[in-house]
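Read through the structure below, which is laid out as C-alpha cells, and then see the notes.
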Amino acid sequence: MTNSAELVLDGLARRYGSTTAVARMDLTVAAGELVALLGPSGCGKTTTLRMVAGFIEPSEGRILLRGKDITTMPAHQRDTGMVFQSYALFPHLSVAENIAFGLKRRGVAKAEIAERVARMVSLLQLQGLEARLPKQLSGGQQQRVAVGRALVINPAVVLLDEPFSNLDALLREGTRIELRRLQTELGLTTLFVTHDQAEAMAISDRIAVMNKGRLEQLGTPREVYERPATRFVASFIGRANILVSRDGRSEDGIPLDAPDGTLVLRPERVTLDDAPAEGPNAVSGTVELLSFLGTGTQAVLRLPGGRQLLAEGPASLADRFRTGGPATARWTRGDLVALPPE
Amino acid sequence: MTSLRTPLGWVLRGMAVLGFVYLLGPLLVIVAASFSDTGYLAFPPQGFSLRWYQAALADQRYLNGFFVSLRLGLMVAALSLVIGTAAAVALTRFAFPGSTLLEALFLSPLVLPALVLAVALTLFFAANPIAPPGMTRLVISHLLVGVPMVLRVMLPVLRRVDPAIEEAARNLGASPIKAFFLVTLPVLRPGLIAAAALAFIFSFDEVEMALFLGSVRDAPLTVVLYGAAQMQMDPTVAAVSSMLILLALLLMVAQQMYANR
Amino acid sequence: MNGDLNARRGLIAAGLLAPAALIFATLFIWPQLGLFLQSLGGPPTFSRFLGDSYYLGVLGNSLMLGVCVTLVTLVLGFPLAFLLARAETRWAGLLLLLTTFPLWVSAVVRSFAWMVLFFRSGVASRLLQGTGLVPPDFQLIGTFTGVVIALAQVLLPIMIVTLYAVIRGVDRDLEHAAMNLGASPAVAMWLVTLRLARGGVLAGSLLVFSLSVSAFATPSLIGGARAHFMAVTIYEQTLELLDWPFAAAIAAILLVISLSVALTYGKLLGEKNR
Ligand SMILES: Nc1ncnc2c1ncn2[C@@H]1O[C@H](COP(=O)(O)OP(=O)(O)OP(=O)(O)O)[C@@H](O)[C@H]1O
Ligand SMILES: [Mg+2]
C-alpha cells in the first residue's frame, strides 16, 4: 500500500435546515486502500458517500480526488464508480450493455469496450448471462453486474453503499470476500458504507466510525476494537462492559485495580470460576443466561448492584455453571482499556 | 383450478360466458348488420353487400368528421403527454409540501361527469372568450381530462422506476441530459405510449364536450354519428361504427404489441 | 430520493407543474366555481328544481338508473372478474384484454349497437314480442329497461377492471386455508374472497353508480325523446332552451352527487392501500 492520499475529505459538512447530517469530517483515503464508513442508521454515511459522488452538494468543506478539488464538479465529470444499494441497473439494457455504459460515455473504442466487458464478465463469473436483462438475474447476479459496471471504468475511487444488504447471509459473506479479493487485486481505492460492524471488520483496511454526523474514530479494525476512542465506539464495535472507575471502585462498587476514568472490559477477557471473589478485579454474581455461540459460550452475570456483566469463554462453561447458580468473574489490570477523557 | 369443478364453479362459468356475450355481442351485431344488403338495418343480416361502406365513405360529413376527430385526438394526445408527464415528474421526483393534495386535485377531473365539465366550460367560454369556438376550445377542454389520464398512467410508472438509475448514469459519465435520453426515456417509453394511446382514444371517442364546445362546421365524428343515430336507423351509421371498431382493434393490438416488446 | 430542496430545484419543479396547474386552474377550478355562482345568481333555480315534481322525477330516474346499472354490472362483472383473476392459463391475459376492448370504442357506437337490437323489428324487441308478455308493437327503445341494459354493457368493463384488481390482491392461500379448515369452495369464497374484496366491490360500485347517474350519450340515444335523466335534461336546458342558470343548477346538483361519491370512493381505496 502506498501512502499517497487518493481521496481527501477536508472539513466536509452537510446540513439540512437545522439538522446536521455530516459534521466537519476529515478523512484521507490512501491509494489502494479500503475504508469503511461504519455507524448506526441515520449517522450520515450515505450523505458522505453521495457528496463524494457529486449527488449532494456539501454545505462546507472540500473534496480532493487525486489532488484535484472536485467539490463543485458535476457528478458525471468525477472519476468515481458507485455501487448503489438498490443496484440501480438499467432495466432496459442487457448485462453486457450495463457494464459497457460507462466505457461508451468515455468514448472508449468499440473493440476495447468488448474486451474490457468480457474481462469483467469473466472476473465476476457472469459468463453466459451477457445478453440477459437485469430482471432475468438473481439478486446475487444483479449485485455482481452492479459491481462490474462500476469497476470496469477503472475509477479513481470506488463508492459502495451497503452493497450486500439485499443478499442473504451466506451469499453476503461469500460476496464480500470476493469483493475484497477483487479490490486488492486491482488495487482499487474504495470507500465502503455499512452499518454491519462484522462486515466492516472483515474487509477493511481502516474503519471510520461515525455517530450522529461526526467521525468518532478512524483506525484499523484492531485499533478501533482494542483501543476504542469513545464510549460509543467501544459499545458499537463488538461487545463491551463499560465501567467508570473512581478511587479503586466502579460506580456500582466493584473493586478495581485501575486508574480513574472510563474503562472498557471486553467479554472474552473475563474468566469465570466458583471461588469466592477476593481483592480487586473480581466480582461474584448470579448466572442469568448461558448461550452457546458455536465458537464458545457467552454468560450473562447479574451482579448485586444490578449490572449485567458479559463474559465469554470456552463451550465448556455451559457444563461448569448453570443458570441461576453463582459464579465469580475475574480479569487483570491489563484487560481494562481506559478511554481517553471526553 | 379445483374450486371450478364444483357446482359453484359451473354457475360462475355460466355467468362469465353470459357476461362475455353481453359485453362483446352488440359490437359483433353492428359489424354483421353493416354488411346487410337491405335498405334498412337488419340483424341477422340478409345478403351481403359493401354498399353501406361505399355510402359512408362517399359522405362528406363522415369523412370530414373523421379528420376533425383525428386532428383533435392527435393534438390532445401530444399536448396531454407533454404537460401530464412534466407534472408527473414534478410530483414524483421533487418532494414538496402539499404534493399529495395537488396530485389528488389534478386527478379529480377523471371522477367528474363529462357533461358537468362540458356545461361549466360552455358557461366559462361564454363569459371569457379566451379561445375561438371550435377546434381550439375543444382541444384545450379535452386537455382537462387528457392530462389527468396521462398522470394516472405515468405516476405509478415513474414511482416504479428506481430514481437511482439516473444517478447511476451520471456516475458513469452521462451528463444530466444524456442520462435522461439514454436511461430515463427508454425506461418510460411503454408507459408514455400507453398514456398517449389513452388520451388519443378518449379525445377521439368523446361526445359530451364535443357536442357543447365544438363548432357545427368542424363537428368531430362522434358528434356526426350521434346526430345520425338520433335521426334514423341508417345502415351507413353501422358501416361507420364498424370501421371505428376496427380502428379501435388495430390501435389496441398495436399498443399491446408495443408494450409487450 | 435525497432531494436538495434548494432554489433551483424548486424552480424546476414549479416549471414542470406550471402548464398542468394553469389548465387546472383556468379550465377546472374557475369554471366549476362559475357553475355554482351562475346557478345561484338570478331566479331561484335550486328551489325551482327541488319544488317541481317533474324535475324531482328526473333526479329519481337517474338515481334509479344508477342503482339498477350498478346491480347488473356487479352481478355480471363479479364472476368474470373472479375467473379472470384466478385463471392460470395464458388465455386469461387475452380474455382480460377483450373485456377492456369496448372501452376503446366510443359510447356512441356502443349505444348504437343496442339501438339496432332494440328498435321495433330488432332482435331483442322481437324476442320479447314473441313471449307475448308485451304488446306486438313493443320496442325496447325509449324504455327505462332498455337504457339499463345498454348502459350496464357500456360500464361493465370498468366494473370488471376494478374488481379484477381487487380480487388479484386477495391472497389465494387464504381461500385455501379456509377450505383446509373445512369450508366448501362456496363458503370459502363468501367468507374470504368476498369479505376481503368488500372495499373494492364497494369502490367499483360507487364508480359505476356515479358514472351512470351522470351518463349522457347512452340514455339520450336509447331513451330517445322520453329520456328523463339528469344529463339529458342539462343538455336540453343548455343547448335547446338556453336557460343557463337552471342548467348550471342541475349540473351543480349532479356535481355534488359525483363529488360525494368520489370522496367516499377515494376514502375506500385509501383504506384499502393502508
Ligand atoms: N434530503 C434530506 N432532507 C433532510 N434530512 C436528510 C435528508 N437526507 C438525509 N437527511 C438526514 O441526514 C441524516 C443522515 O442521513 P444518511 O442517509 O446519510 O444516513 P445513513 O448513515 O446512510 O443511514 P442508513 O444506515 O439508515 O442508510 C439523517 O438524520 C437523515 O434524516
Ligand atoms: Mg444510507
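We name chains A, B, ... following the order of the C-alpha cells; residues begin at 1 in each chain, and ligands are numbered from 1 as shown.
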
**OP:** Find the residues near Ser69 (chain B): any atom within 12 Å, counting only C-alpha atoms, skip ones fewer than 3 places away on the same chain, and give them as a ChimeraX atom specification.
**Re:** /B:61-66,72-77,134-135,138-139,142,200-207,210,214,218-225,244 /C:106

Original post:
Near chain B, which residues of chain C fall within 6 Å when you count only C-alpha atoms, and what do they look like as a VMD selection string?
Top reply: chain C and resid 13 16 to 17 20 31 to 32 35 76 79 to 80 104 106 109 113 153 185 214 251

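The contact shell of ligand 1, defined as all polymer residues within 7 Å when only C-alpha atoms and all ligand atoms are used, comprises Tyr16, Thr19, Thr20, Ala21, Val22, Gly39, Pro40, Ser41, Gly42, Cys43, Gly44, Lys45, Thr46, Thr47, Thr48, His195 and Gly213 of chain A; Asn2, Gly3 and Asp4 of chain C.
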
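Backbone DSSP of region 33-204 of chain A yields strand (DSSP E) at Leu34, Val35, Ala36, Leu37, Leu38, Glu60, Gly61, Arg62, Ile63, Leu64, Leu65, Lys68, Asp69, Thr80, Gly81, Met82, Val83, Val157, Val158, Leu159, Leu160, Asp161, Thr190, Leu191, Phe192, Val193 and Thr194 of chain A.
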
**OP:** For region 58-74 of chain C, work out the shell of residues within 10 Å, counting only C-alpha atoms and skipping chain neighbours fewer than 4 positions away, then give it as a VMD selection string.
**Re:** (chain B and resid 19) or (chain C and resid 49 to 50 53 to 54 78 to 81 144 to 145 147 to 160 163 201 to 202 204 to 215 219 227 to 233 250 253 to 254 257)

Subject >> Distance query region 191-195 of chain C at most 9 Å, only C-alpha atoms, self and fewer than 3 positions along chain excluded, as a list in words >> reply: Ile167, Val170, Asp171, Arg172, Leu174, Glu175, Ala178, Ala183, Ala186, Val187, Ala188, Arg198, Gly199 and Val201 of chain C

Could you write out that same residue set with N, CA and C atoms as a short mmCIF file (atom, residue, chain, number, x, y, z; two decimals), in the first residue's frame?
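Now in result.cif:
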```
data_model
loop_
_atom_site.label_atom_id
_atom_site.label_comp_id
_atom_site.auth_asym_id
_atom_site.auth_seq_id
_atom_site.Cartn_x
_atom_site.Cartn_y
_atom_site.Cartn_z
N ILE C 167 -59.56 -8.49 -6.63
CA ILE C 167 -59.52 -9.94 -6.40
C ILE C 167 -58.09 -10.45 -6.56
N VAL C 170 -56.22 -10.33 -3.36
CA VAL C 170 -56.55 -11.24 -2.25
C VAL C 170 -55.67 -12.48 -2.37
N ASP C 171 -54.97 -12.77 -1.30
CA ASP C 171 -54.06 -13.91 -1.30
C ASP C 171 -54.85 -15.21 -1.48
N ARG C 172 -54.51 -15.98 -2.51
CA ARG C 172 -55.25 -17.21 -2.78
C ARG C 172 -55.12 -18.20 -1.64
N LEU C 174 -55.37 -17.72 1.35
CA LEU C 174 -56.40 -17.52 2.38
C LEU C 174 -57.61 -18.38 2.05
N GLU C 175 -57.98 -18.41 0.74
CA GLU C 175 -59.07 -19.29 0.32
C GLU C 175 -58.72 -20.74 0.63
N ALA C 178 -59.03 -21.53 4.21
CA ALA C 178 -60.42 -21.70 4.63
C ALA C 178 -60.92 -23.08 4.24
N ALA C 183 -64.09 -25.39 4.99
CA ALA C 183 -65.11 -24.62 4.28
C ALA C 183 -65.25 -25.15 2.86
N ALA C 186 -67.68 -22.67 -2.00
CA ALA C 186 -68.64 -21.57 -1.99
C ALA C 186 -68.51 -20.76 -0.71
N VAL C 187 -68.41 -21.49 0.41
CA VAL C 187 -68.31 -20.81 1.70
C VAL C 187 -66.99 -20.05 1.79
N ALA C 188 -65.93 -20.68 1.28
CA ALA C 188 -64.62 -20.03 1.30
C ALA C 188 -64.67 -18.73 0.51
N ARG C 198 -64.34 -6.70 -0.24
CA ARG C 198 -65.51 -5.85 0.02
C ARG C 198 -65.27 -4.39 -0.32
N GLY C 199 -64.14 -3.86 0.15
CA GLY C 199 -63.83 -2.46 -0.12
C GLY C 199 -63.77 -2.17 -1.61
N VAL C 201 -65.17 -3.95 -4.02
CA VAL C 201 -66.51 -4.12 -4.60
C VAL C 201 -67.30 -2.84 -4.42
#
```

Original post:
Residues of region 12-179 of chain B in helix (DSSP H, G or I) according to DSSP, as a PyMOL selection string?
Top reply: chain B and resi 12-34+51-58+60-93+99-111+114-127+135-160+164-171+176-179

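Every residue of chain A that lies within 8 Å of chain B is listed here, counting only C-alpha atoms: A:Ala53, A:Phe55, A:Ala75, A:His76, A:Gln77, A:Arg78, A:Thr80, A:Gly81, A:Met82, A:Phe84, A:Ser86, A:Ala88, A:Leu89, A:Phe90, A:Pro91, A:His92, A:Phe101, A:Gly102, A:Arg105, A:Arg106, A:Ala150, A:Ile153.
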